[in-house]
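Report on the following structure.
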Amino acid sequence: MAEEMKSSISTIIRNVAKKDLSAPMAAGYDHTQVESHWNTWWESRRFYRANEERALTLPPSQKFVMMIPPPNVTGSLHLGHALTSSIEDALARWSRMQGKETLWLPGVDHAGIATQSVVEKQIFKEEGKTRHDYGREEFTNKIWQWKEKYGNRICDQFRRMGVSTDWSRMCFTLDDKLSKAVVEAFVRMWEKGLIYRANRLVNWSCYLRTAISDLEVEFEDITESTWLKVPNHDGLYEFGVIHSFDYQIETGEKITVATTRLETMLGDVAVAVHPDDPRYKHLIGKKIIHPFIPEREMRVVADAQLVDMTFGTGAVKITPAHDYRDFECGERNGLATINIFTEDGKINENGGRYAGMMRFDCRNQIEKDLAELGLYKEKANNAMRLGFCSRSGDVIEPYLKPQWYVNCNDLAARACEAVRNGELKILPDFNEKTWFRWLENIKDWCISRQLWWGHRCPAYLVTVKDANGEVKVRPRNDSNDNWVCARNHEEALQKAQKFKIAETDIIEIEQDEDVLDTWFSSGLFPFSTLGWPNVENPDFKAFYPGTILETGHDILFFWVARMVMMGLCLTDKLPFNTVYLHAMIRDADGEKMSKSKGNVIDPEEVIDGTTLESLIQKVENSNLSQKDKVKYIEKRKKEFPEGIPACGSDALRIGLLSFTIQGRDINLKISKVISFRQFMNKLWNVMKFTLSNLGEGFVPIEGFLNQKPKILVNQWMVSRLSNTIQLIDTHFNNYDFGEAVQVLYSYWLHEFCDIYLEAIKPIMRSDDAEAKTETLNTLFSAVEKGLLLLHPMIPYVTEELYQRLPEFSWKRESISIAEYPKPIPELIDPEVERTMDIMMEIIRTARSIFQNLNLVGKKPKIYLRTSQEIINLIEPHINTIATLSKAGSASCTTEVPHGCIMNPSRDVEVYLELAGMVNIEAEVKKLAKKRDQMQKLIEGLRKKMSLPQYEEKTPENVKAENSNKLATYNEELEKLELEITRLKELS
């Protein structure tokens with residue numbers, strides 16, 4: 001199926017011409033125009049296809065290999081995917097531009113439970129049929145049809161984000177190549193004794209009729225009686241309460257127990273007490289009479305491990321088949337395990353008269369029946385964590401079911417040792433604690449699922465019959481006995497011959513109906529995608545082991561640890577040497593994004609924009625209570641009063657990258673993404689300015705940056721460019737994407753636009769041809785190298801602007817394959833930068849005075865008084881100071897004319913001549929009014945902070961915020977007082 005997908009991709013991208021940029025640049029940046037066409041052209045030119053032949057000749061340091069965390073085939077893009085793709089694409093593009101042979105391999109996960117659930121719901125809605133009406137083969141075919149029609153949507157969405165994956169190597173976890181690897185892995189692990197069969201409790205979804213992994217269980221904290229809707233049930237059911245009832249003892253005494261799951265008393269086989277509890281010592285070993293199943297063998301048992309005699313009544317009902325702790329108690333005390341549920345959540349024949357009832361209807365009925373018998377004591381609120389199936393919303397049931405397990409002890413030990421000895425790095429390193437905590441306390445992994453969609457377990461149950469067809473050895477389903485694991489039916493039949501007792505015996509085998517946990521095939525992804533188990537496959541030889549695994553920290557043990565364990569087990573190599581875990585995205589208030597809350601922001605709502613009404617409708621469609629809906633609707637109105645404007649993919653990407661500086665969680669503020677949309681427009685206007693100044697026929701000097709320019713502002717610009725290159729190199733190597741964004745944002749907006757472009761305007765207006773040539777080449781270098789630095793983060797706009805640059809000898813067909821800038825330390829000039837720092841401090845001080853006195857546009861004169869050393873530094877560039885401060889003129893002086901106001905900068909006294917420009921009396925009044933307002937703010941805040949119990953009751957973050965506010969207000973008041981004093985002195 002994936003081969004068909006690949007061929008359709010190649011059809012789409014064949015013979016795509018480069019985008020026509022012959023028309024003049026538009027007045028403003030339009031992301032819909034800029035982000036169109038480039039992706040299909042990039043793919044058609046195969047810029048992102050890794051060359052395995054070249055890779056085979058290179059050392060590991062010259063290769064970069066990364067696997068995409070395969071999204072579910074049912075999925076659509078969410079902000080987690082958008083963040084992942086932004087980080088990974090930045091790494092892949094950066095590595096490719098450095099000349100490394102780069103493989104970023106894409107794939108999609110078959111997502112067993114999610115996909116089967118989607119299709120089951122669809123056919124039931126459209127046809128009123130279940131999968132059982134179709135049968136396994138026909139139903140599976142229907143899923144394949146659905147997958148081919150809808151399953152590639154998320155890949156198209158990734159393309160919109162501009163990802164540079166090697167689509168020619170696109171994988172689907174049910175591809176023949178990957179399926180072969182799954183079978184091989186299972187058989188080898190079985191043969192090593194790592195995979196085994198056991199009858200244990202699992203997380204069970206009655207609605208889906210399958211075991212599910214811990215990751216697919218979502219817990220909700222319930223503090224009191226709460227009524228909830230449950231799939232396959234009618235009406236609402238009560239949770240968050242604990243029921244107390246009595247069991248009758250054969251002695252005539254009663255013993256009180258409590259449970260939050262009253263229906264499970266139908267599976268009770270004992271009541272446990274502490275062996276030292278004086279209240280119950282005499283009852284240990286006594287028979288208990290079950291009120292509804294009197295024939296049941298029940299007794300009082302002693303269990304010091306389970307029972308706390310100081311908690312509750314000190315007596316605990318034991319249901320080994322439906323509770324994890326009770327199961328362990330049952331094993332310690334030799335108790336029966338009696339399952340009372342069918343797979344779809346009905347009471348089975350072991351439930352006596354309640355057989356056939358749905359489990360929560362049964363709960364209600366038992367409460368009534370116990371009350372009628374006088375055995376029901378009371379019901380009370382009880383805080384609890386309730387587990388729900390993330391796919392169906394069903395309440396999870398602990399369920400006893402024969403399953404396949406992986407013994408993880410030795411595998412986990414190797415994975416721990418790899419981190420301890422430094423072979424495997426986990427970044428940020430605080431995640432190592434989670435790694436060790438989980439792996440050092442690992443439980444065996446349940447890998448089977450009761451589904452039809454997925455990799456069917458390559459395990460075969462063996463039956464031995466005599467020559468007449470009579471069963472000699474009846475197979476057991478719940479243990480390793482009578483099972484063989486094999487790569488196909490023929491091999492399984494051959495292996496099963498060992499079970500013959502007599503030569504004439506007949507061997508029959510039947511393949512297990514279950515499929516494997518999706519995480520099993522995902523655990524093989526770093527090498528199954530490269531052709532393993534064929535270790536001679538060119539891709540495997542060239543690209544395994546990989547370089548890095550990048551993903552969210554929430555699946556560190558669900559996926560990352562399993563890849564490491566399975567890689568070490570099956571290839572004897574780590575699948576990658578670095579794990580980088582990014583933060584999780586939350587809403588602006590730090591709340592987890594959830595469809596049930598209606599606070600999920602779809603990336604396409606940011607790329608294309610959306611209305612406030614649409615955002616409110618999502619809240620209305622959520623599962624929130626009416627009270628919470630009102631709360632979240634108000635949040636939406638406050639945060640997005642006019643909806644979300646269209647920002648485009650580039651702005652979303654760099655916005656998300658900028659948030660990675662926050663650590664474990666990202667509180668997403670869309671306003672910051674919107675600001676990056678404005679940044680794109682700034683880049684657009686920079687290019688228009690640059691092209692207009694370069695003019696027709698400009699040819700940049702090759703090797704211009706091999707020597708230092710002569711003019712100060714050009715020296716400063718190349719010094720800042722070199723500094724920026726060095727910082728970006730460091731930040732990318734350290735995976736500090738947020739810091740890299742800040743550096744580039746500052747470079748473009750503050751250093752290049754605010755300072756350099758303004759500083760060179762006098763040069764560009766002059767008749768000095770030599771100065772112009774040097775300045776134009778500096779301008780070109782700053783833009784060209786700046787675009788290259790930005791490209792890994794914002795590929796679309798940088799490609800568009802790069803293509804619009806004049807032709808030059810080292811220009812590549814695409815910016816995506818251009819050489820990434822290398823640090824040029826010899827161009828970094830601390831003395832030049834110190835001079836410009838002093839000048840910029842003067843300029844900022846002058847601008848501040850202009851703004852405070854509303855002199856913008858009036859061009860007053862400024863006078864500078866400072867040491868001779870600094871005069872020697874700045875006097876040759878006095879015109880630049882005047883230009884950037886927007887003053888009429890600037891000069892250094894020892895005698896200040898009358899009628900000037902002074903503000904000190906760090907090293908220089910800056911005097912502003914006010915004669916005839918300012919109504920001093922009116923300015924004093926205006927500033928006094930601001931001062932009075934500021935004093936009121938300070939008084940109000942101080943009063944609030946001096947209230948009784950402020951220190952005890954106010955959260956630490958609020959206290960810190962108030963302290964910062966007070967400091968800011970006082971600083972502002974001090975400035976206003978100083979300004980008023982100076983103006984009064986002038987008058």
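Ordering of the structure tokens sets the chain letters (A, B, ...); residue numbers start at 1 within each chain; ligands are numbered from 1 in the order shown.
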* Shell around Val108 of chain A at 8 Å using only C-alpha atoms, local window under 5 positions removed, as a PyMOL selection string -> chain A and resi 70-73+171-173
Keeping only N, CA and C atoms, take the residues you just selected and write them out as a PDB file, in the first residue's frame.
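Saved result, again_11.pdb, follows:
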```pdb
ATOM      1  N   PRO A  70       6.136   8.540  13.815  1.00  0.00           N
ATOM      2  CA  PRO A  70       5.052   8.333  12.838  1.00  0.00           C
ATOM      3  C   PRO A  70       3.686   8.677  13.416  1.00  0.00           C
ATOM      4  N   PRO A  71       3.002   9.654  12.838  1.00  0.00           N
ATOM      5  CA  PRO A  71       1.672  10.014  13.349  1.00  0.00           C
ATOM      6  C   PRO A  71       0.655   8.934  12.983  1.00  0.00           C
ATOM      7  N   ASN A  72      -0.450   8.919  13.696  1.00  0.00           N
ATOM      8  CA  ASN A  72      -1.509   7.956  13.400  1.00  0.00           C
ATOM      9  C   ASN A  72      -2.097   8.219  12.027  1.00  0.00           C
ATOM     10  N   VAL A  73      -2.385   7.152  11.311  1.00  0.00           N
ATOM     11  CA  VAL A  73      -2.973   7.279   9.976  1.00  0.00           C
ATOM     12  C   VAL A  73      -4.344   7.951  10.053  1.00  0.00           C
ATOM     13  N   CYS A 171       7.140   5.388   4.675  1.00  0.00           N
ATOM     14  CA  CYS A 171       6.787   4.065   5.197  1.00  0.00           C
ATOM     15  C   CYS A 171       5.450   4.089   5.913  1.00  0.00           C
ATOM     16  N   PHE A 172       4.778   2.963   5.840  1.00  0.00           N
ATOM     17  CA  PHE A 172       3.553   2.740   6.603  1.00  0.00           C
ATOM     18  C   PHE A 172       3.803   1.482   7.429  1.00  0.00           C
ATOM     19  N   THR A 173       3.409   1.485   8.681  1.00  0.00           N
ATOM     20  CA  THR A 173       3.810   0.379   9.563  1.00  0.00           C
ATOM     21  C   THR A 173       3.190  -0.963   9.191  1.00  0.00           C
TER      22      THR A 173
END
```
When you look at segment 535-551 of chain A with a cut-off of 9 Å (counting only C-alpha atoms), what residues show up, excluding the ones that are within fewer than 4 positions of it in the same chain? I need them as a PDB file with N, CA and C atoms, in the first residue's frame.
```pdb
ATOM      1  N   ASN A  51      21.175  10.066  -0.333  1.00  0.00           N
ATOM      2  CA  ASN A  51      21.922   9.213  -1.250  1.00  0.00           C
ATOM      3  C   ASN A  51      22.656   8.134  -0.447  1.00  0.00           C
ATOM      4  N   GLU A  52      22.142   6.911  -0.530  1.00  0.00           N
ATOM      5  CA  GLU A  52      22.722   5.836   0.276  1.00  0.00           C
ATOM      6  C   GLU A  52      24.135   5.468  -0.193  1.00  0.00           C
ATOM      7  N   GLU A  53      24.399   5.617  -1.490  1.00  0.00           N
ATOM      8  CA  GLU A  53      25.734   5.287  -1.997  1.00  0.00           C
ATOM      9  C   GLU A  53      26.779   6.252  -1.424  1.00  0.00           C
ATOM     10  N   ARG A  54      26.454   7.544  -1.426  1.00  0.00           N
ATOM     11  CA  ARG A  54      27.379   8.525  -0.843  1.00  0.00           C
ATOM     12  C   ARG A  54      27.503   8.294   0.661  1.00  0.00           C
ATOM     13  N   ALA A  55      26.361   8.013   1.315  1.00  0.00           N
ATOM     14  CA  ALA A  55      26.374   7.828   2.776  1.00  0.00           C
ATOM     15  C   ALA A  55      27.284   6.676   3.185  1.00  0.00           C
ATOM     16  N   LEU A  56      27.357   5.643   2.351  1.00  0.00           N
ATOM     17  CA  LEU A  56      28.202   4.486   2.672  1.00  0.00           C
ATOM     18  C   LEU A  56      29.682   4.855   2.738  1.00  0.00           C
ATOM     19  N   THR A  57      30.050   5.955   2.077  1.00  0.00           N
ATOM     20  CA  THR A  57      31.463   6.353   2.040  1.00  0.00           C
ATOM     21  C   THR A  57      31.818   7.347   3.142  1.00  0.00           C
ATOM     22  N   LEU A  58      30.811   7.772   3.914  1.00  0.00           N
ATOM     23  CA  LEU A  58      31.038   8.855   4.873  1.00  0.00           C
ATOM     24  C   LEU A  58      31.142   8.342   6.304  1.00  0.00           C
ATOM     25  N   PRO A  60      30.263   8.669  10.385  1.00  0.00           N
ATOM     26  CA  PRO A  60      29.007   9.073  11.052  1.00  0.00           C
ATOM     27  C   PRO A  60      28.877  10.581  11.243  1.00  0.00           C
ATOM     28  N   LYS A  63      27.016  12.376   8.488  1.00  0.00           N
ATOM     29  CA  LYS A  63      25.657  11.917   8.179  1.00  0.00           C
ATOM     30  C   LYS A  63      24.705  12.408   9.258  1.00  0.00           C
ATOM     31  N   PHE A  64      23.483  12.652   8.859  1.00  0.00           N
ATOM     32  CA  PHE A  64      22.438  13.000   9.824  1.00  0.00           C
ATOM     33  C   PHE A  64      21.213  12.150   9.496  1.00  0.00           C
ATOM     34  N   VAL A  65      20.817  11.307  10.458  1.00  0.00           N
ATOM     35  CA  VAL A  65      19.705  10.387  10.236  1.00  0.00           C
ATOM     36  C   VAL A  65      18.689  10.558  11.367  1.00  0.00           C
ATOM     37  N   MET A  66      17.448  10.773  10.985  1.00  0.00           N
ATOM     38  CA  MET A  66      16.389  10.994  11.967  1.00  0.00           C
ATOM     39  C   MET A  66      15.083  10.405  11.422  1.00  0.00           C
ATOM     40  N   MET A  67      14.365   9.707  12.276  1.00  0.00           N
ATOM     41  CA  MET A  67      13.063   9.158  11.909  1.00  0.00           C
ATOM     42  C   MET A  67      11.967  10.069  12.451  1.00  0.00           C
ATOM     43  N   ILE A  68      10.965  10.320  11.648  1.00  0.00           N
ATOM     44  CA  ILE A  68       9.834  11.108  12.136  1.00  0.00           C
ATOM     45  C   ILE A  68       9.038  10.249  13.116  1.00  0.00           C
ATOM     46  N   PRO A  69       8.573  10.801  14.235  1.00  0.00           N
ATOM     47  CA  PRO A  69       7.646  10.025  15.065  1.00  0.00           C
ATOM     48  C   PRO A  69       6.373   9.783  14.246  1.00  0.00           C
ATOM     49  N   THR A  84       6.684  19.409  16.578  1.00  0.00           N
ATOM     50  CA  THR A  84       7.632  18.348  16.211  1.00  0.00           C
ATOM     51  C   THR A  84       8.218  18.604  14.830  1.00  0.00           C
ATOM     52  N   ILE A  87      10.689  21.635  14.748  1.00  0.00           N
ATOM     53  CA  ILE A  87      12.014  21.337  15.316  1.00  0.00           C
ATOM     54  C   ILE A  87      12.794  20.406  14.391  1.00  0.00           C
ATOM     55  N   GLU A  88      12.145  19.332  13.962  1.00  0.00           N
ATOM     56  CA  GLU A  88      12.852  18.338  13.160  1.00  0.00           C
ATOM     57  C   GLU A  88      13.241  18.881  11.796  1.00  0.00           C
ATOM     58  N   LEU A 103      19.169  12.068   6.023  1.00  0.00           N
ATOM     59  CA  LEU A 103      17.954  11.272   5.844  1.00  0.00           C
ATOM     60  C   LEU A 103      16.987  11.602   6.969  1.00  0.00           C
ATOM     61  N   PRO A 526      13.163   2.561  13.759  1.00  0.00           N
ATOM     62  CA  PRO A 526      14.465   3.057  13.290  1.00  0.00           C
ATOM     63  C   PRO A 526      15.218   2.100  12.375  1.00  0.00           C
ATOM     64  N   PHE A 527      14.880   0.804  12.418  1.00  0.00           N
ATOM     65  CA  PHE A 527      15.606  -0.121  11.543  1.00  0.00           C
ATOM     66  C   PHE A 527      14.697  -0.925  10.619  1.00  0.00           C
ATOM     67  N   SER A 528      13.430  -1.138  10.987  1.00  0.00           N
ATOM     68  CA  SER A 528      12.515  -1.843  10.068  1.00  0.00           C
ATOM     69  C   SER A 528      12.308  -1.030   8.802  1.00  0.00           C
ATOM     70  N   THR A 529      12.354   0.305   8.927  1.00  0.00           N
ATOM     71  CA  THR A 529      12.173   1.190   7.771  1.00  0.00           C
ATOM     72  C   THR A 529      13.373   1.148   6.824  1.00  0.00           C
ATOM     73  N   LEU A 530      14.495   0.623   7.313  1.00  0.00           N
ATOM     74  CA  LEU A 530      15.728   0.589   6.503  1.00  0.00           C
ATOM     75  C   LEU A 530      16.025  -0.811   5.961  1.00  0.00           C
ATOM     76  N   GLY A 531      15.049  -1.704   6.083  1.00  0.00           N
ATOM     77  CA  GLY A 531      15.216  -3.018   5.455  1.00  0.00           C
ATOM     78  C   GLY A 531      15.583  -4.145   6.383  1.00  0.00           C
ATOM     79  N   ILE A 555       6.164  10.669  25.624  1.00  0.00           N
ATOM     80  CA  ILE A 555       6.280   9.277  25.172  1.00  0.00           C
ATOM     81  C   ILE A 555       7.707   8.757  25.328  1.00  0.00           C
ATOM     82  N   LEU A 556       8.405   9.304  26.329  1.00  0.00           N
ATOM     83  CA  LEU A 556       9.779   8.866  26.579  1.00  0.00           C
ATOM     84  C   LEU A 556       9.848   7.364  26.804  1.00  0.00           C
ATOM     85  N   VAL A 560      10.203   5.834  23.057  1.00  0.00           N
ATOM     86  CA  VAL A 560      11.658   6.002  22.990  1.00  0.00           C
ATOM     87  C   VAL A 560      12.368   4.834  23.670  1.00  0.00           C
ATOM     88  N   LYS A 573      22.839  -2.686  18.677  1.00  0.00           N
ATOM     89  CA  LYS A 573      23.296  -1.301  18.573  1.00  0.00           C
ATOM     90  C   LYS A 573      22.176  -0.383  19.045  1.00  0.00           C
ATOM     91  N   LEU A 574      22.570   0.768  19.604  1.00  0.00           N
ATOM     92  CA  LEU A 574      21.582   1.795  19.901  1.00  0.00           C
ATOM     93  C   LEU A 574      21.025   2.324  18.583  1.00  0.00           C
ATOM     94  N   PRO A 575      19.722   2.561  18.491  1.00  0.00           N
ATOM     95  CA  PRO A 575      19.157   3.056  17.230  1.00  0.00           C
ATOM     96  C   PRO A 575      19.507   4.510  16.941  1.00  0.00           C
ATOM     97  N   PHE A 576      19.976   5.246  17.944  1.00  0.00           N
ATOM     98  CA  PHE A 576      20.383   6.649  17.803  1.00  0.00           C
ATOM     99  C   PHE A 576      21.249   6.958  19.020  1.00  0.00           C
ATOM    100  N   ASN A 577      22.022   8.027  18.952  1.00  0.00           N
ATOM    101  CA  ASN A 577      22.894   8.338  20.090  1.00  0.00           C
ATOM    102  C   ASN A 577      22.411   9.508  20.929  1.00  0.00           C
ATOM    103  N   THR A 578      21.372  10.197  20.447  1.00  0.00           N
ATOM    104  CA  THR A 578      20.834  11.347  21.179  1.00  0.00           C
ATOM    105  C   THR A 578      19.315  11.314  21.134  1.00  0.00           C
ATOM    106  N   VAL A 579      18.702  11.623  22.263  1.00  0.00           N
ATOM    107  CA  VAL A 579      17.250  11.802  22.337  1.00  0.00           C
ATOM    108  C   VAL A 579      17.001  13.236  22.775  1.00  0.00           C
ATOM    109  N   TYR A 580      16.305  13.998  21.930  1.00  0.00           N
ATOM    110  CA  TYR A 580      15.934  15.364  22.309  1.00  0.00           C
ATOM    111  C   TYR A 580      14.429  15.401  22.515  1.00  0.00           C
ATOM    112  N   LEU A 581      14.017  15.804  23.721  1.00  0.00           N
ATOM    113  CA  LEU A 581      12.599  15.801  24.082  1.00  0.00           C
ATOM    114  C   LEU A 581      12.098  17.234  24.207  1.00  0.00           C
ATOM    115  N   HIS A 582      11.123  17.558  23.359  1.00  0.00           N
ATOM    116  CA  HIS A 582      10.605  18.928  23.412  1.00  0.00           C
ATOM    117  C   HIS A 582       9.476  19.063  24.428  1.00  0.00           C
ATOM    118  N   ALA A 583       9.147  20.303  24.734  1.00  0.00           N
ATOM    119  CA  ALA A 583       8.116  20.604  25.725  1.00  0.00           C
ATOM    120  C   ALA A 583       6.727  20.297  25.169  1.00  0.00           C
TER     121      ALA A 583
END
```
* Asked: Residues of segment 284-508 of chain A in strand (DSSP E) according to DSSP, as a PyMOL selection string?
  -> chain A and resi 288-289+299-302+315-318+376-381+384-389+397-406+425-427+445-446+448-449+459-465+471-473+483-485+506-508
* Structure fact -> atom CA of Ser448 of chain A sits from atom CA of Ile396 of chain A at a separation of 16.9 Å
* **Minimum-distance residue to Met840 of chain A, chosen among A:Asp214, A:Asp768, A:Glu751, A:Glu913 (using only C-alpha atoms)** =>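 The closest residue to Met840 of chain A is A:Glu751.
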